[in-house]
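The file my_file-v4.cif comes next; it holds mmCIF, C-alpha atoms.
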data_start
#
loop_
_atom_site.label_atom_id
_atom_site.label_comp_id
_atom_site.auth_asym_id
_atom_site.auth_seq_id
_atom_site.Cartn_x
_atom_site.Cartn_y
_atom_site.Cartn_z
CA MET L 307 75.21 115.01 22.24
CA ILE L 308 75.53 114.89 18.46
CA THR L 309 77.78 112.05 17.23
CA LEU L 310 78.85 110.50 13.93
CA THR L 311 76.20 107.83 14.51
CA THR L 312 73.56 110.58 14.71
CA ALA L 313 74.79 112.03 11.45
CA ASP L 314 74.87 108.60 9.83
CA ASN L 315 71.27 107.90 10.81
CA ALA L 316 70.15 111.34 9.62
CA LEU L 317 71.64 110.76 6.16
CA LYS L 318 69.89 107.38 5.87
CA THR L 319 66.47 108.18 7.29
CA ILE L 320 65.90 111.89 6.71
CA TYR L 321 68.04 113.21 3.90
CA LEU L 322 68.11 110.29 1.44
CA GLY L 323 64.42 110.53 0.51
CA VAL L 324 64.58 114.30 0.13
CA ILE L 325 67.71 114.20 -2.01
CA GLY L 326 66.37 111.38 -4.19
CA ASN L 327 63.15 113.29 -4.85
CA GLN L 328 65.04 116.49 -5.65
CA LEU L 329 67.32 114.74 -8.13
CA ASN L 330 64.56 112.70 -9.77
CA VAL L 331 61.91 115.42 -9.96
CA GLY L 332 63.55 118.78 -9.38
CA ALA L 333 66.86 118.39 -11.21
CA ASN L 334 65.67 119.04 -14.76
CA PRO L 335 62.23 119.40 -16.39
CA LEU L 336 63.14 116.83 -19.05
CA LEU L 337 64.11 114.29 -16.42
CA THR L 338 60.67 114.57 -14.79
CA LYS L 339 59.09 113.42 -18.08
CA ILE L 340 61.23 110.28 -18.35
CA LYS L 341 60.05 107.05 -16.77
CA GLN L 342 62.47 105.47 -14.32
CA THR L 343 62.47 101.69 -14.26
CA THR L 344 64.42 98.67 -13.06
CA ASN L 345 63.04 96.51 -15.90
CA ASN L 346 65.48 95.02 -18.42
CA VAL L 347 68.44 95.41 -16.04
CA TYR L 348 70.55 92.27 -15.85
CA GLY L 349 73.64 92.60 -13.69
CA ASN L 350 75.72 95.43 -15.10
CA GLU L 351 73.81 95.53 -18.41
CA ILE L 352 70.52 96.71 -19.84
CA ARG L 353 69.06 94.40 -22.48
CA LYS L 354 65.91 95.60 -24.18
CA ALA L 355 64.16 93.98 -27.15
CA THR L 356 62.58 96.61 -29.35
CA SER L 357 60.50 96.39 -32.51
CA PHE L 358 60.29 98.53 -35.62
CA GLY L 359 58.08 98.66 -38.68
CA VAL L 360 54.72 96.87 -38.93
CA SER L 361 53.57 93.30 -39.33
CA GLY L 362 53.51 92.18 -42.96
CA GLY L 363 50.78 89.57 -42.43
CA VAL L 364 47.85 91.97 -42.67
CA THR L 365 46.26 92.19 -46.12
CA ALA L 366 43.03 91.84 -48.05
CA GLY L 367 42.17 88.70 -50.03
CA THR L 368 39.53 86.77 -51.93
CA GLU L 369 36.62 84.99 -50.30
CA ASP L 370 38.02 81.51 -50.81
CA GLY L 371 41.70 82.24 -51.39
CA MET L 372 44.73 81.35 -49.31
CA LEU L 373 45.08 83.20 -46.02
CA PRO L 374 48.09 85.52 -45.71
CA GLY L 375 51.22 84.26 -44.01
CA ALA L 376 52.53 85.77 -40.80
CA TYR L 377 55.29 88.30 -41.30
CA SER L 378 56.35 89.77 -37.99
CA LYS L 379 57.67 93.24 -37.31
CA GLY L 380 61.41 93.78 -37.16
CA TYR L 381 63.16 93.21 -33.84
CA GLU L 382 66.50 94.30 -32.45
CA GLN L 383 68.07 93.97 -29.02
CA PHE L 384 69.55 97.05 -27.40
CA VAL L 385 72.53 96.38 -25.12
CA LEU L 386 73.82 99.08 -22.78
CA THR L 387 76.12 99.18 -19.79
CA LEU L 388 74.90 100.85 -16.61
CA LYS L 389 76.74 104.09 -15.87
CA ASN L 390 78.03 104.89 -12.39
CA LEU L 391 76.79 108.22 -11.03
CA TYR L 392 78.39 109.52 -7.82
CA GLY L 393 78.02 112.52 -5.53
CA THR L 394 80.26 113.00 -2.49
CA ILE L 395 79.95 115.30 0.51
CA GLU L 396 82.79 116.14 2.87
CA ILE L 397 82.62 117.41 6.46
CA SER L 398 85.66 118.27 8.56
CA ASP L 399 86.18 116.72 11.98
CA LYS L 400 86.47 120.22 13.42
CA ALA L 401 83.06 121.23 12.07
CA ILE L 402 81.43 118.11 13.53
CA ARG L 403 83.02 118.62 16.95
CA SER L 404 82.05 122.31 16.94
CA SER L 405 78.38 121.40 16.50
CA GLN L 406 78.24 118.44 18.90
CA SER L 407 76.59 120.43 21.69
CA SER L 408 74.01 122.15 19.45
CA ALA L 409 71.42 120.23 17.47
CA GLY L 410 70.57 123.38 15.51
CA ALA L 411 74.16 123.95 14.46
CA PHE L 412 74.50 120.31 13.45
CA VAL L 413 71.34 120.44 11.33
CA ASN L 414 72.57 123.61 9.64
CA LEU L 415 75.88 121.89 8.90
CA LEU L 416 74.18 118.91 7.24
CA ASN L 417 71.65 121.11 5.42
CA GLU L 418 74.45 123.16 3.89
CA GLU L 419 76.23 120.03 2.66
CA MET L 420 73.01 118.56 1.26
CA GLU L 421 72.13 121.78 -0.58
CA SER L 422 75.59 121.85 -2.10
CA LEU L 423 75.29 118.21 -3.16
CA ILE L 424 71.86 118.77 -4.72
CA LYS L 425 73.02 121.88 -6.59
CA SER L 426 76.10 120.15 -8.01
CA SER L 427 74.20 116.97 -8.89
CA THR L 428 71.41 118.95 -10.54
CA PHE L 429 73.91 120.80 -12.71
CA ASN L 430 75.72 117.65 -13.81
CA LEU L 431 72.58 115.57 -14.43
CA GLY L 432 71.19 118.30 -16.67
CA ARG L 433 74.50 118.54 -18.50
CA MET L 434 74.61 114.77 -19.07
CA LEU L 435 71.02 114.64 -20.37
CA TYR L 436 71.96 116.87 -23.29
CA GLY L 437 75.47 115.52 -23.74
CA ASP L 438 76.86 112.64 -25.81
CA GLY L 439 78.20 110.45 -23.01
CA SER L 440 81.82 111.39 -23.69
CA GLY L 441 82.29 113.70 -20.72
CA ILE L 442 83.76 116.34 -23.05
CA ILE L 443 82.57 119.78 -21.96
CA ALA L 444 84.35 122.11 -24.39
CA SER L 445 87.03 122.46 -27.05
CA ILE L 446 90.09 124.60 -26.31
CA VAL L 447 90.39 127.19 -29.06
CA GLY L 448 93.05 129.61 -27.83
CA ASP L 449 95.13 131.35 -25.15
CA ALA L 450 96.20 127.98 -23.75
CA GLU L 451 99.97 128.37 -23.74
CA GLU L 452 102.17 127.11 -20.92
CA GLY L 453 102.30 129.50 -17.98
CA ALA L 454 98.91 131.10 -18.71
CA PHE L 455 96.21 131.16 -16.05
CA GLY L 456 93.37 130.25 -18.39
CA MET L 457 92.13 129.44 -21.86
CA THR L 458 89.49 130.39 -24.41
CA LEU L 459 86.86 127.73 -25.16
CA ASP L 460 84.27 127.23 -27.86
CA THR L 461 81.52 127.15 -25.20
CA VAL L 462 81.19 127.69 -21.47
CA LYS L 463 77.64 126.35 -21.13
CA ASN L 464 78.86 123.24 -19.32
CA LEU L 465 81.04 125.04 -16.81
CA MET L 466 80.56 126.68 -13.43
CA GLU L 467 82.95 128.19 -10.91
CA ARG L 468 84.72 125.48 -8.83
CA PHE L 469 84.08 122.91 -11.57
CA VAL L 470 86.95 120.38 -11.68
CA CYS L 471 88.13 119.32 -15.14
CA ARG L 472 90.99 117.69 -17.00
CA VAL L 473 92.56 118.15 -20.43
CA VAL L 474 92.00 115.51 -23.12
CA ASP L 475 94.62 115.23 -25.87
CA THR L 476 94.02 114.83 -29.60
CA ASN L 477 94.03 111.04 -29.19
CA GLY L 478 91.04 111.23 -26.87
CA ARG L 479 92.94 110.42 -23.68
CA TYR L 480 93.49 112.37 -20.48
CA THR L 481 96.83 114.15 -20.41
CA ASP L 482 99.19 113.65 -17.47
CA ALA L 483 98.37 117.12 -16.16
CA LYS L 484 96.68 117.22 -12.77
CA PRO L 485 93.07 118.52 -12.68
CA PHE L 486 92.21 122.19 -12.99
CA ILE L 487 89.64 123.97 -10.83
CA VAL L 488 87.64 126.72 -12.54
CA LYS L 489 88.24 129.99 -10.68
CA ASN L 490 86.50 132.54 -12.90
CA ILE L 491 84.48 132.53 -16.15
CA GLU L 492 84.29 135.52 -18.52
CA ARG L 493 81.21 134.30 -20.35
CA ASN L 494 81.01 137.11 -22.89
CA VAL L 495 84.40 136.08 -24.38
CA LYS L 496 84.28 132.40 -23.28
CA PHE L 497 87.49 132.70 -21.29
CA VAL L 498 88.05 130.46 -18.26
CA GLN L 499 90.59 131.18 -15.52
CA PHE L 500 91.88 128.32 -13.37
CA ASP L 501 93.31 127.95 -9.88
CA ARG L 502 96.86 127.50 -11.23
CA VAL L 503 98.95 128.16 -14.32
CA LEU L 504 98.79 125.81 -17.28
CA ASP L 505 101.59 123.27 -17.44
CA GLY L 506 101.44 122.64 -21.17
CA GLU L 507 100.32 123.87 -24.60
CA TYR L 508 96.68 122.85 -24.86
CA THR L 509 95.21 124.74 -27.83
CA GLY L 510 93.33 122.30 -30.08
CA MET L 511 92.66 119.86 -27.24
CA LYS L 512 89.49 119.45 -25.17
CA LEU L 513 88.29 119.77 -21.59
CA ALA L 514 86.48 116.89 -19.89
CA THR L 515 85.06 116.17 -16.46
CA LEU L 516 87.30 114.85 -13.71
CA SER L 517 86.67 111.13 -14.32
CA GLY L 518 83.72 111.08 -16.72
CA LEU L 519 85.59 110.58 -20.01
CA ASN L 520 83.36 108.13 -21.95
CA ASN L 521 81.66 107.18 -18.69
CA GLU L 522 78.56 109.40 -18.70
CA ILE L 523 74.97 108.50 -19.58
CA THR L 524 73.97 108.40 -23.24
CA GLY L 525 72.44 111.86 -23.64
CA LEU L 526 70.54 113.50 -26.49
CA GLU L 527 73.59 114.51 -28.50
CA LYS L 528 74.61 110.87 -28.82
CA ILE L 529 71.10 109.88 -29.87
CA PHE L 530 71.10 112.63 -32.50
CA SER L 531 74.58 111.88 -33.84
CA THR L 532 74.96 109.95 -37.09
CA GLY L 533 76.84 106.84 -38.12
CA GLY L 534 78.45 104.25 -35.92
CA GLU L 535 76.52 102.24 -33.36
CA LEU L 536 73.85 103.16 -30.85
CA TYR L 537 72.98 100.61 -28.16
CA GLY L 538 74.97 98.02 -30.12
CA VAL L 539 72.94 98.51 -33.34
CA ASN L 540 74.61 99.76 -36.55
CA ARG L 541 72.84 102.95 -37.61
CA THR L 542 74.18 102.97 -41.13
CA ASN L 543 72.25 99.79 -41.98
CA ASN L 544 69.19 100.65 -39.86
CA ALA L 545 67.69 103.98 -40.86
CA TRP L 546 65.04 103.72 -38.13
CA MET L 547 67.85 104.18 -35.59
CA ASN L 548 68.51 107.72 -36.85
CA ALA L 549 66.70 110.72 -35.39
CA GLN L 550 65.10 113.41 -37.58
CA VAL L 551 67.37 116.44 -38.04
CA GLN L 552 66.88 119.66 -40.00
CA THR L 553 69.87 121.98 -40.29
CA ASP L 554 70.23 125.64 -41.31
CA VAL L 555 66.71 126.56 -40.23
CA GLY L 556 67.38 130.30 -40.04
CA THR L 557 64.44 132.31 -38.74
CA LEU L 558 62.29 130.17 -36.49
CA THR L 559 58.64 129.85 -37.51
CA GLU L 560 55.75 127.82 -36.19
CA THR L 561 55.52 126.28 -39.64
CA ALA L 562 59.06 124.87 -39.33
CA MET L 563 58.19 123.41 -35.94
CA GLN L 564 54.91 121.92 -37.15
CA LYS L 565 56.49 120.39 -40.26
CA MET L 566 58.89 118.42 -38.08
CA ILE L 567 56.12 117.38 -35.69
CA ASP L 568 54.05 116.20 -38.67
CA LYS L 569 57.03 114.31 -40.08
CA ILE L 570 57.44 112.36 -36.85
CA ASP L 571 53.72 111.58 -36.75
CA GLU L 572 53.58 110.45 -40.39
CA THR L 573 56.75 108.35 -40.42
CA THR L 574 56.76 106.80 -36.95
CA GLY L 575 53.39 107.47 -35.32
CA GLY L 576 55.23 109.26 -32.54
CA GLU L 577 53.69 112.19 -30.67
CA VAL L 578 55.90 115.10 -29.65
CA ASP L 579 55.12 116.07 -26.05
CA TYR L 580 58.20 118.08 -25.04
CA ILE L 581 60.22 120.82 -26.76
CA ALA L 582 63.60 121.94 -25.42
CA CYS L 583 65.63 124.85 -26.73
CA SER L 584 68.17 127.47 -25.72
CA SER L 585 67.17 130.80 -24.21
CA ALA L 586 68.05 132.51 -27.49
CA VAL L 587 65.72 130.21 -29.43
CA ARG L 588 62.96 130.68 -26.86
CA ARG L 589 63.23 134.44 -27.38
CA ALA L 590 63.01 133.85 -31.13
CA TYR L 591 59.83 131.83 -30.55
CA GLN L 592 58.39 134.65 -28.45
CA GLU L 593 59.19 137.09 -31.26
CA GLU L 594 57.38 134.81 -33.70
CA LEU L 595 54.30 134.93 -31.48
CA SER L 596 54.45 138.70 -31.03
CA THR L 597 54.68 139.19 -34.81
CA TYR L 598 51.14 137.85 -35.11
CA ARG L 599 50.04 139.50 -31.85
CA ARG L 600 49.38 136.16 -30.19
CA ASN L 601 49.33 135.65 -26.44
CA VAL L 602 52.23 133.81 -24.83
CA ASP L 603 50.73 130.91 -22.88
CA VAL L 604 52.65 129.69 -19.83
CA MET L 605 52.47 126.10 -18.51
CA ASN L 606 53.30 124.81 -15.02
CA LEU L 607 55.31 121.59 -15.13
CA GLN L 608 56.06 118.95 -12.52
CA GLY L 609 58.93 119.92 -10.25
CA GLY L 610 57.94 123.58 -10.16
CA PHE L 611 59.21 124.38 -13.65
CA LYS L 612 57.47 126.78 -16.04
CA ALA L 613 57.35 126.65 -19.84
CA LEU L 614 55.85 128.37 -22.82
CA SER L 615 53.25 126.45 -24.80
CA TYR L 616 53.07 125.45 -28.44
CA ASN L 617 49.67 123.84 -29.10
CA GLY L 618 49.73 122.39 -25.60
CA ILE L 619 53.33 121.17 -25.86
CA PRO L 620 55.71 122.71 -23.30
CA VAL L 621 58.57 124.75 -24.78
CA VAL L 622 61.36 124.73 -22.19
CA ALA L 623 64.55 126.78 -22.29
CA ASP L 624 67.48 124.75 -20.96
CA ARG L 625 70.96 126.15 -20.39
CA PHE L 626 72.58 122.99 -21.78
CA VAL L 627 70.98 123.22 -25.24
CA ALA L 628 73.20 124.78 -27.94
CA ASP L 629 72.35 128.39 -28.80
CA ASP L 630 70.92 127.59 -32.25
CA THR L 631 69.08 124.35 -31.40
CA MET L 632 65.59 123.08 -30.62
CA TYR L 633 64.70 119.47 -29.70
CA LEU L 634 61.22 118.08 -30.37
CA LEU L 635 60.90 114.95 -28.26
CA ASN L 636 58.51 112.09 -27.67
CA THR L 637 59.42 111.47 -24.03
CA LYS L 638 57.28 108.31 -23.83
CA ASP L 639 60.04 106.61 -25.83
CA PHE L 640 62.64 107.36 -23.14
CA GLU L 641 63.48 105.31 -20.07
CA MET L 642 65.98 105.87 -17.29
CA CYS L 643 66.96 102.27 -16.62
CA GLN L 644 68.48 101.84 -13.18
CA LEU L 645 69.71 99.13 -10.88
CA CYS L 646 68.24 101.05 -7.93
CA ASP L 647 67.31 104.58 -6.94
CA TRP L 648 69.79 106.91 -5.25
CA GLN L 649 71.51 105.22 -2.28
CA TRP L 650 74.39 105.97 0.08
CA LEU L 651 77.48 103.80 -0.25
CA GLU L 652 77.86 101.76 2.93
CA ASP L 653 80.87 100.04 4.46
CA ASN L 654 80.91 96.53 5.92
CA GLU L 655 79.30 97.82 9.11
CA GLY L 656 76.48 99.59 7.30
CA LYS L 657 77.88 103.08 7.90
CA VAL L 658 77.71 105.76 5.23
CA ILE L 659 80.02 108.30 6.87
CA ARG L 660 83.67 107.33 6.93
CA GLN L 661 86.97 109.10 7.55
CA LYS L 662 88.99 110.02 4.51
CA GLU L 663 92.23 108.14 4.99
CA GLY L 664 95.03 110.45 6.04
CA TYR L 665 92.80 113.52 6.48
CA PRO L 666 90.75 114.96 9.39
CA VAL L 667 87.56 114.92 7.31
CA TYR L 668 84.61 112.58 6.89
CA THR L 669 82.92 111.76 3.60
CA ALA L 670 79.70 110.16 2.38
CA THR L 671 78.95 109.19 -1.21
CA LEU L 672 75.61 109.05 -2.98
CA VAL L 673 75.39 106.57 -5.86
CA LYS L 674 73.07 105.51 -8.66
CA TYR L 675 73.73 102.98 -11.44
CA ALA L 676 71.65 103.99 -14.44
CA GLU L 677 71.56 104.64 -18.18
CA LEU L 678 69.25 106.60 -20.49
CA LEU L 679 67.53 104.56 -23.22
CA CYS L 680 65.51 105.81 -26.21
CA ASN L 681 63.34 103.05 -27.66
CA ARG L 682 62.65 104.87 -30.96
CA PRO L 683 65.38 107.31 -31.97
CA ASN L 684 63.58 108.07 -35.25
CA SER L 685 60.60 109.52 -33.36
CA GLN L 686 62.80 112.32 -31.99
CA ALA L 687 63.63 115.50 -33.90
CA LYS L 688 66.08 118.38 -33.81
CA LEU L 689 66.18 121.76 -35.52
CA THR L 690 69.59 123.46 -35.78
CA GLY L 691 70.96 126.63 -37.31
CA ILE L 692 68.14 128.69 -35.80
CA THR L 693 68.76 132.42 -35.68
CA GLY L 694 68.43 133.35 -32.01
CA ALA L 695 67.06 136.57 -30.56
#
Let's see the structure in the file written out as structure tokens.
Amino acid sequence: MITLTTADNALKTIYLGVIGNQLNVGANPLLTKIKQTTNNVYGNEIRKATSFGVSGGVTAGTEDGMLPGAYSKGYEQFVLTLKNLYGTIEISDKAIRSSQSSAGAFVNLLNEEMESLIKSSTFNLGRMLYGDGSGIIASIVGDAEEGAFGMTLDTVKNLMERFVCRVVDTNGRYTDAKPFIVKNIERNVKFVQFDRVLDGEYTGMKLATLSGLNNEITGLEKIFSTGGELYGVNRTNNAWMNAQVQTDVGTLTETAMQKMIDKIDETTGGEVDYIACSSAVRRAYQEELSTYRRNVDVMNLQGGFKALSYNGIPVVADRFVADDTMYLLNTKDFEMCQLCDWQWLEDNEGKVIRQKEGYPVYTATLVKYAELLCNRPNSQAKLTGITGA
């Protein structure tokens, strides 16, 4: 007979490895290019010494003159706090009891929950990779008066049906309103309908994830922002901490792409090995190729992903990249620093499945403590203002 102990053992011994592989390799093509490491993790922090510039003690001299002194490269210490990534499944007591006499039904029940967890985790990991760590998913631009069932946003790229979100006020804090569940998305007009009426006037405010406000990993948009601090280092006084950005590109050309690749090579010695863009920009790149009657080469990437090719560099369309944007990345400079790989939360008795207090349901929570680190922000580039197709 199937029991909770059977389910507990299945989650630990069978499903954990599969889920971990799916989230590390199959979640997002960019994530597969980033090294995962436990190095430089100390307690709740990541501390990484990084260098910039070149040694100043290398020079030419006379045959019998004084030898040059030693002038070391510049060094800075990055300090980051590990972020807490969670994924929870929920199974009702009735569903478990209904499948107790059938191993096949029980397996189907767990498989369905695991597939749902993987799909949701994949969506959110991809969103975080291209985000700024704030947990903000959109700005509210209209139709958000009290009593309405929905609101118009500036973007719906970061939303899916059943997504749970909260309103953030103009001071950057969650409002007192209870969470909203996305019921329907009219993507052509960027209108989102919720499971209940709005209980306030929210135009001009923002939407954020349920509990991720300023708690998410440091994604690309934070690395490409300007001013302030990154990893505890002031970017205003350290130009090497600023990524390369070209705005108002207009029509995308291979020349514009190559100029930025050359700039990275000449100024930092970095080598671009991954290009990410929106679907609209990928179509613009395909149009550029067709203009000169060139073949469109397709590459197979790890994790089963496919990409176009620019001089052997994969060009990947990602739903979380802004419509007018292309990233040119040196992924060797990125690390996903983690305390451990994906694990189930366990209670004092080593069980991962536990009853939700006050409810006839059982839950299990997947967890990973990690943070994304870019060792050389200035070896990364971004083109914006591209006219999409």
### Task
Have a look at atom CA of L:Ala355 and atom CA of L:Asn334 and let me know their distance in Å, one decimal.
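If I compute the distance from atom CA of L:Ala355 to atom CA of L:Asn334, I get 28.0 Å.
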### Task
Measure the distance from atom CA of L:Ser426 to atom CA of L:Phe469 in Å and round it to one decimal.
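Result for atom CA of L:Ser426 versus atom CA of L:Phe469: 9.2 Å, one decimal.
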With the cut-off set at 8 Å and counting all atoms listed in the file, tabulate each residue of stretch 497-599 of chain L with an atom at most that distance from an atom of stretch 633-653 of chain L, showing the nearest atom pair and its distance in Å to one decimal, ordered by chain and increasing number, as a tab-separated table.
residue	atom	partner	partner_atom	distance
L:Ile567	CA	L:Leu634	CA	7.4
L:Gly576	CA	L:Asn636	CA	6.5
L:Glu577	CA	L:Asn636	CA	5.7
L:Val578	CA	L:Asn636	CA	4.4
L:Asp579	CA	L:Asn636	CA	5.5
L:Tyr580	CA	L:Leu635	CA	5.2
L:Ile581	CA	L:Leu634	CA	4.6
L:Ala582	CA	L:Tyr633	CA	5.1
L:Cys583	CA	L:Tyr633	CA	6.2
### Message
List the spatial neighbours of L:Ala409 as a PyMOL selection string - criterion: any atom at most 12 Å away, all atoms listed in the file, same-chain residues fewer than 2 positions off excluded.
### Response
chain L and resi 307-309+312-313+316+402-407+411-416
### Query
Given the file above and the PyMOL selection byres ((chain L and resi 544-554) around 6), which residues are selected, and can you give them as a list in words?
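Taken over the shown coordinates, the PyMOL selection byres ((chain L and resi 544-554) around 6) returns Phe530, Arg541, Thr542, Asn543, Val555, Gly556, Pro683, Asn684, Gln686, Ala687, Lys688, Leu689, Thr690 and Gly691 of chain L.
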### Message
Let me make sure I understand: among L:Met420, L:Leu391, L:Leu435, L:Ile487, which one has the smallest atom-to-atom distance to L:Gly323 if we use only C-alpha atoms?
### Response
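For L:Gly323, the nearest of the given residues is L:Met420.
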### Query
Which residue out of L:Val673, L:Leu337, L:Ala401, L:Ala454 has the minimum interatomic distance to L:Lys389 when all atoms listed in the file are used?
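Checking each of L:Val673, L:Leu337, L:Ala401, L:Ala454 against L:Lys389, counting all atoms listed in the file, the winner is L:Val673.
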Around all the atoms of stretch 652-660 of chain L listed in the file, with 5 Å of room on each side, what axis-aligned box do you get, giving centre and edge lengths in Å to one decimal, as lines of an AutoDock Vina configuration file?
center_x = 80.1
center_y = 102.4
center_z = 6.0
size_x = 17.2
size_y = 21.8
size_z = 16.2
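For the choices L:Asn654, L:Ser517, L:Thr319, L:Asn681, the atom-to-atom distance to L:Arg472 is smallest for L:Ser517 when using all atoms listed in the file.
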### Task
Have a look at atom CA of L:Asp438 and atom CA of L:Tyr616 and let me know their distance in Å, one decimal.
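Answer for the atom CA of L:Asp438 to atom CA of L:Tyr616 separation: 27.1 Å.
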Since I can't run it myself right now, could you work out what the PyMOL selection byres ((chain L and resi 619-622) around 10) selects here and report it as a compact mmCIF listing (two decimals) with C-alpha atoms, in the frame of the given file?
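Saved to expr.txt:
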# COMPACT_ATOMS: atom_id res chain seq x y z
CA PRO L 335 62.23 119.40 -16.39
CA LEU L 336 63.14 116.83 -19.05
CA VAL L 578 55.90 115.10 -29.65
CA ASP L 579 55.12 116.07 -26.05
CA TYR L 580 58.20 118.08 -25.04
CA ILE L 581 60.22 120.82 -26.76
CA ALA L 582 63.60 121.94 -25.42
CA CYS L 583 65.63 124.85 -26.73
CA SER L 584 68.17 127.47 -25.72
CA SER L 585 67.17 130.80 -24.21
CA ARG L 588 62.96 130.68 -26.86
CA TYR L 591 59.83 131.83 -30.55
CA ASP L 603 50.73 130.91 -22.88
CA VAL L 604 52.65 129.69 -19.83
CA MET L 605 52.47 126.10 -18.51
CA ASN L 606 53.30 124.81 -15.02
CA LEU L 607 55.31 121.59 -15.13
CA PHE L 611 59.21 124.38 -13.65
CA LYS L 612 57.47 126.78 -16.04
CA ALA L 613 57.35 126.65 -19.84
CA LEU L 614 55.85 128.37 -22.82
CA SER L 615 53.25 126.45 -24.80
CA TYR L 616 53.07 125.45 -28.44
CA ASN L 617 49.67 123.84 -29.10
CA GLY L 618 49.73 122.39 -25.60
CA ALA L 623 64.55 126.78 -22.29
CA ASP L 624 67.48 124.75 -20.96
CA ARG L 625 70.96 126.15 -20.39
CA MET L 632 65.59 123.08 -30.62
CA TYR L 633 64.70 119.47 -29.70
CA LEU L 634 61.22 118.08 -30.37
### Task
Please write the residues picked by the PyMOL selection byres ((chain L and resi 495) around 12) on this file as JSON, numbers by chain.
{"L": [447, 448, 449, 457, 458, 459, 460, 461, 462, 491, 492, 493, 494, 496, 497, 498, 499]}
